[in-house]
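Reviewing the structure listed below.
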Amino acid sequence: MNILSTQNLHNIITVPLEKLHPVATCQPDLYGCFTDNMAKLFIAIAMYVAIVETSDEKIGKTYEICTDEDIRTADGYLKSPNHPKRYPKNIECRTEITVSKGYKIRIVFQKFDVHTPTSACFDDFIELSDRYGLQSPLRLCGMKHKNEIWTSVSNSAGILFKTNHHYSHSGFFLKFTAVLSNIENDYYDGCYGTLNSSQGQIISRNYPENYYNHETCYVAIHAPDKKHIRFRFLDFSLEDSGYGCPADYIQFVDLVTGNYTVRMCGNHHNGRVWQTNSNKAAVIFSSDFRTSSSGFKLNFTTVNPGDTGYFDGCNGFLQNETGLIMSPNFPDHYSPNELCSIAIRVGEGRMVRLHFETFQLHHSNEACHGDFLQITDENTEKTTGKLCGDQPEGQIWISDSNDVYLIFKTDYIFEDTGFKISYRGIHPNESEYYDGCNGVLKTNEGVVTSRRFPDPYFNNEKCETVIYVPENQRIIFKFVSFELQDTPDCASDYMKLTDLQTGKTTNKLCARRQQGLFWLSDSNSVKVDFQSDYESVNRGYNVSFMATNNTEFYDGCFGDITEENGKLTSRNDHGLYFDNEHCEINLTVPEGKLVLVNFSYFQLEDSIGCKSDFLQITDMGGTKSSKIFCGRIPESRIWVSETNQIKVVFHTNSNQNYKGFELNFKNISAGEIDYFDGCNGVIRSRTGNIVSAHYPRYYISNDICNISIVVPEGMKILFNYTYQIEESNSLCAADYLQLTDKVSGKTTGPMCGYERSWRIWFSETNRVILVFKTDHRNEERGFNISFKEISPNETDFYDGCNGHIYGTHGVIYSPNYPCTYPPNQNCAVVITVPEDMIIQFHFTEFYLQDSGYMCPGDYLQLVDLCLENTRSRKLCGSDFTGRTLYSKCNSVQLVFKTDYYLSDDGFKLEYLASPISNQEASDGCNAIFNSSDGLISSRGYPWQYPNNQFCNTTVIVFRGQVVRFTIEDIYLQVTDMCTADSVRLVDPLSGKSSDAMCGDKHIGRIWQSDHHIAHVYFRSDYAHAYRGYNITFEAVMAADDQYFDTCNGHSYNNSGNITSPGFSTHYNSEEHCQLIITVDKEKRIMITIDEFHMEHCTECGCDYLQFEDKISRRKSQKFCGSQLKDTIWVSDSYHVSVVFVTDSFNNYRGYRLHWEDIDGETGHYDGCNGVIHTDNNGSGIKSLNFPKTYRNNEHCVVRIEGPKHSIFNLTFGSIMLGDSGAECLKDFILFTDLISGKVSKPYCGRRHNGSTWFSDSNKILIVFRTDEKTQERGFSLAYKVELGYLDYFDGCDGYITADEVTITSPNWPDQYIGHDRCKVNIMSSEQSKVLLNFTSFDLVGNSSSIVCLDYLQIVDLGSSRTSPRFCNPIPSGRLWLSDTNNVTIEFRSQGSPTSFGYRLEYRSVNESYVLPLNMTIPDEVILDPSVGDCPCNMFLQQICMCCLAEKHPYGAMEIMNRYYNAMTRTIY
C-alpha cells in the first residue's frame, strides 16, 4: 500500500486554492462555507482517498488458475476465475507452483467460499498435492478454510480446481510463499498447524464455549530428538456417540511408529494420559454437523525414553519390572463405556508374567461382545483373546517378548467389580510353570490334563500350554483319556495341538474316539489349546507326551510314513467312517521320486465345495495345488505329485457317514509320469483327443481335472473344441473348462454354456494345462477336444473348413462350393484384421437349408471374439444374399454346421477390414451409428417385421455425452415377460439395461445410457409379427439428466404432479419406475398422495409405492392398498426418489400425487413424521389413527422446536403399545434432547399413563417404532413449553445479564449466512451502561449509495437512542457506549454475497464512564442527505460540512477529523 506522508499532505494543502477550484464566500454549493485552509484540507483528503483507492497493497503478482500457465516464482497470489465474483460452472483447471530446490511452498487461504452440499467435497473443490506424490492430496470445499495453511513436502505443488453444473460461489484467493525445507516452520491457527516445542497446551476452537460443527483439525507436534511426548487431558467434553465415536472425536497418532489411540468422545477422559514412543505426534480432532459440546483442553510435555511410565487408572505405559494393574474404581464397579489401554514393557530379552488375582467382568455372551479384557504380546501377537465373566483366581499368562498391551472395554449396560492383575518381568529360563490351564513346560516327558481332571472341567475355560523338548527332537502325544462335549465341527468345547514352527495341527478335537490315538509333531515345540463354552461339561482329557527321535508312526488317523508303497484307509465303525474325524498323514518317498496315488474305492458325503466331509491331498514341495475329493469318484482315479512328499488330510463332520476310501500309493521316477486316468494326467503326444468323463453322457459332479499336454520343444499346439457345460453366470463360477499356456500364461479364460460348434485356440509354447472343474449340481454332456502340434510359423491356415486367417480382405466359401455342401460338417474359421479395424461381411450368395426358428439344421454363425458371451443369431435359408453385416471388433469366428440331410448350394462370403469411423451402415437389422441423433426402426416398419430376427444396432456419440432414446412407436407380439418378441436398450459399459419391451404400452418412454455407447437389441421368434418399433435417439451431455416419461426420469422443478403409468385405466404389470426429484439445497420436499388404488398384499410384497431421501437414506414405508388418500411425506433434504414397482398379476388404477419444495424450517406434521415449531403454549401429538389401532412396521420421527431459552414438559395422556418387557424391543416411543443429548427410556405397554419427561433445551426429537406383529391403540402425548430465565447466546439471538460477554455474527469467524435476522438483548446491572468494543467488523455494505445491504444497528431501549446502520468496515478498537443499562443489538443480512461478520466485546461499566473522543464511533457521520436545518448537497457520503462547522460543539476541525476517519473506513 502506498502511504500518503504528512509532508505530501502539507504540499497538497499549500497548493494555491484557485488552481484547484474557484471558491469565494459561503455558498450552498459543492464546498459551502469552507475557509481556504479548510478547503485545502478537504481536497487533500479527497485526493488521498483517490490515491488509496488506486493503490496496490499486495506484494507479488496475482495469477488466475484457469488463465495463467504453471508458476515459477518465489511468492505471489492465486485466485479462482472471476474472483471475487462467482466462478464459472463445469470447469476443471490445473496449475503447478515450482520454487527453487531446497525450498518448499506454504499456501495460506485469504478468502475461501467453494460450493458444497456435503463435507465429502464431491461437487466443487480445490485439491492441493505435492507434485512428486510425497504427501496425500488435500481436498477442500465449503466456507471454513479461510486462514488455513498448507505446506508442500517438495519444491513443487499441484493445484486442481473443479466445479460442476449446479451452483457457484466466490471461490478462493490464496497467497503462496517459498520457505526453507530444512526449517520446521512453526505455525498454528487454532485448528491446523505444526508446533516445534517441548511443552504446550492445545484447546478446541471456541473453548470453553461449544466447538464448531463440521470441523476437522490436525496439529503436528515435533519435540527435540531423543524425546517422547506425553499428553494429559485437563478438560474433556465431546458429543458421546457410543462405541467407536462415529460423530465427534479426538485421536492421537505417533507419527514415527504409526501407533495411535482409539477415538475418544463423551466426558469421561479427564485426567487421561497418553505417551508416544517417538518425538513426533499428531492430534486429530473431528466434529460432525450435529451436536457440539465445550470441547477439550490438554497439555503436552516431553519426557525421556527411559521414563518409568505412568498409569492414570485407565490408560498407561508401565516400564517397571513389577507392578499391579486394576480396573477403574476397583474393587467397586467399573464405569460404563470405558475404553482403556495399558502398555507394559520390561527389560530387553525378558518376558512378562501376569498373575490374575481377581477377575470378574460382566458376561455378555461367549464371544464377550460386551465387557472384556484382552492381553496381547505386541511383538508376536500372542493373545488371550477376549476375556469376560469369572476367570479362575491364580491363572497365569506369560508373553513371548518384553512388550505387552492390555485393552479393557465396557459397554453401557451392566458393570461388575473388575480385575486385579499383578505382573513381573522374568527371564526365559524362569518361564516354566503350569496352573492346570495355562503354562510353559520344558521337559522330556509329562502329562497335560484339563483342570480338575477326572472331575468335570470349568465352563468358559480358555487354556493354553506350550511344551518344549530339546532341539532336534519331536514330541509324540498319546490321548490316554478324552471326553469332551461332542458337537458338530467341535463348535463348543474342543482341544487342539499345533506345532509352533511348522503350523501342523490336529484341528479341533472333541469326539471320544480320540482316546488311544497318537500325534507326532514336526519340531520340538507344541501348543496345546483347550476351550469350553458356557453349557455342558464332561470329564475332560489326559494326554501324555514324550520327546522322541523317531520319524515314522501311524495310528490309523495320524502319522508320518516313509515307506515306498502302501495303503491308507479311513477308520470305520460297522462299515462307515466316524463323525467329526480329522486325520493327517505325511507320506515321504526317497529323494528324486514322485508319489502316485490310486483309489481302490471312494465314497464320502457330497456337498457344495466339499465343505462337509472331504479328502485332501497336498504336494508339500511343489507348485501343484491341493486336490480335494468328496462324493463318489471313479475307481482307478490317479493323482501324481511333483515332489517326494505329500500330506493326506481326511475330515468329516457330524452329518451323514459313508463307506469311506481306500487308496494305494507308490513311488515312481520322473520319467514314468505319462499317464491319463480320464481326469488327470500328463499326455506327451503330437496329436490326440480328450473328452470329459462319460462323454457324451453327463460328467461327474464335484470334480477337478488337471491334464498337462506336452509336444516337442519349439512347437505350438492347435486345439479344436466343443463343449456343453453348466452356465451359472458370466464368470462361469460353477462348472468350467479352461486352457492355459503353462509358459506364457495365455489362456482361454473359464468357458461354460453351450458351444456346439468347433472353436479354435492356439498356444504360444509347447506346454498347455487343461483344467475342468465341476460343482455339486446340474451336470451336462461335457467337452470334446482334439489337439495337434503345429510349427511356430503356422499361424495363417485354412483347409476349406477350419482355419485362422490374418489379412485385410478375402473370400470364404462353404465346403464344395458352388456345389452342394456335404452333410455333417462342423467348421470353424477365425478371421483377424489389424487392431482399430472392424470386419465388413458381404454375402454374395447365401443358400442354406431353411430349418425354421433358431435354425436347428444347417446354419452359419458369426461370433465376435472380443466380446464375452456374445453370439450372433444363426443364419439359414436364403434371405441373406446381398446383405452386409459388420463386426464389433477385429476378430470374428465363422462357424458353419450342417446336419445329416437336405444340403443346399452353400454360401460365398467376402470380407473386408474397415476403419471404425466408416462403420455407420445399416441393413435394416444391424447397424452402427456415429451421429448425434437419428432414427432406428424395425425392418419393414411400419409393416410387419420378419420372424426369426436378432438385430443389434449400436449408437456411438462423443465421450462426455450419453445417448437418450425415446420410444416413438412400438407394437410387438405380447407375451409374459416379453419372452417372444422384444426390444431392449443396453449400456455395454455400465451394464445398465431397460426392461424387455413388447406390446404397445411403452410408447413415450425415455431411456438414457450412462456412457457414450448404447445398443438396441431386437429379437423376434418364429410365430406372430406386428408393426414393429420406431425409436429416436439424441446425444445429450452427461450432466443433462432432466427428463420424465411417466415411469422414469429426473426433475429439478420446485413442484409438480406424478401419476402412475396408465393412470385412470390401470397400470402395467412388471413395472419398475423411478423418478428422482431435486430442488434447491436449502429446501425440502413435501409429497402429498391425492389418489391411490393399488393391489394390497402382506407387507406390500406385490405392488407398492415408496419414497426415499437420497441424502439421509430415510425411506418411507411401502404404500399399497387404497386407504392412503391425503397421506403426506416430507423429506430430510433436497434430493428424493419415488419408486413404483408392480408384479405380473393384478393391476389397478394406480396413484396420483403432487410434490412441492418447502422451506427447510417450515413446520409440518403428517401424523407420523414432521417438524413442529411451537409458541409459548404448547400442544399435543398422537399416533396415526388414534384411538384406533396403529399400523405395523411404522418408523415415525417428529422434531419439535420451541422458543429460545425454553424447555419442554411431555406428558402421556394415554399410551397403549405392544408390551415387550422393560427393554421395549418391539413397539416403543422414545424422546431425545437434540442440544444436550439427553435420552429418555423407551416407553411401551400400558403402564405409563400420566408419565412426564422434561427436556434440557428447546429442541427435541420423538421417535415411534412398531414391528410387524402387535397392534394397539397407540398414544396421545401433550407437550408444554416452559420458559427459562438463564442467559443464553446461540450465535445469533441472545439474552444477556452478565457483566461481560463476546457477541459474534452467525458462523463467525467464517462468513455469515444470507437472509439471517438476529437480535441480542443486553440488560446490565442497575446504574451501569453498556460498552461495546468493535474488535472485528466486516459486512457487505455499499460505498456509493445511502443503502446498507447488510447492517448492524444498536438501540438503547432506556433512552431510545438509535445508532446508524453500520455496514462498512469499522477499525478495530472503536467503542460504542449506551445511555442506560438496556440495549438491543440487531443484525440483518439480505442474501448473497456475504462477508465475515463482526465480533463485539461487551462490558458493563459504571454510569459515570466517559468514552475517549478518539475511540468513538460518531453517530453524526451517517448517510443522511440533511442534518437538522442545514440543506446540504452530497459529496460521496459527506454531510453538509459548513452548517455542522457552525453548529457542532466540537468545532469544524473535529468534524473534519471525524469525516476523515469515516472516509478511510469506507475504503478499508
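Chain labels A, B, ... are given in the sequence in which chains occur in the C-alpha cells; within each chain residues are numbered consecutively from 1, and ligands are likewise numbered from 1 in the order shown.
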Practice problem: Write out as a ChimeraX atom specification the residues lying within 7 Å of Ile229 (chain A), counting only C-alpha atoms and excluding same-chain residues fewer than 5 positions away. | Solution: /A:275-276,279,300-303
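If you count only C-alpha atoms and ignore residues fewer than 4 places along the chain from Asp1299 (chain A), what sits within 8 Å of it is Ser1324, Ser1325, Tyr1402, Arg1403 and Ser1404 of chain A.
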Atoms kept (C-alpha atoms) for selection, written as a PDB file, in the first residue's frame:
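Okay, this is what ended up in selection_29.pdb:
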ATOM      1  CA  SER A1324     -26.681  -4.896  32.618  1.00  0.00           C
ATOM      2  CA  SER A1325     -26.918  -4.131  36.317  1.00  0.00           C
ATOM      3  CA  TYR A1402     -19.466  -6.309  25.683  1.00  0.00           C
ATOM      4  CA  ARG A1403     -18.634  -4.995  29.165  1.00  0.00           C
ATOM      5  CA  SER A1404     -20.787  -3.394  31.840  1.00  0.00           C
TER       6      SER A1404
END
Self-check item: Every residue of region 1310-1359 of chain A that DSSP places in strand (DSSP E or B), as a PyMOL selection string
Solution: chain A and resi 1317-1323+1328-1338+1351-1356
Exercise. Counting only C-alpha atoms, figure out which residue out of A:Asn206, A:Thr291, A:Thr1098, A:Asn549 gets nearest to Asp248 (chain A).
Key: A:Thr291
Quiz item: region 1206-1217 of chain A: which residues within 6 Å, counting only C-alpha atoms, same-chain residues fewer than 3 positions away excluded, as a count of residues only?
Solution: 27
Exercise. Can you work out the spacing between CA of Ser450 (chain A) and CA of Tyr534 (chain A) in Å, to one decimal?
Key: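 Between CA of Ser450 (chain A) and CA of Tyr534 (chain A) the gap is 15.9 Å.
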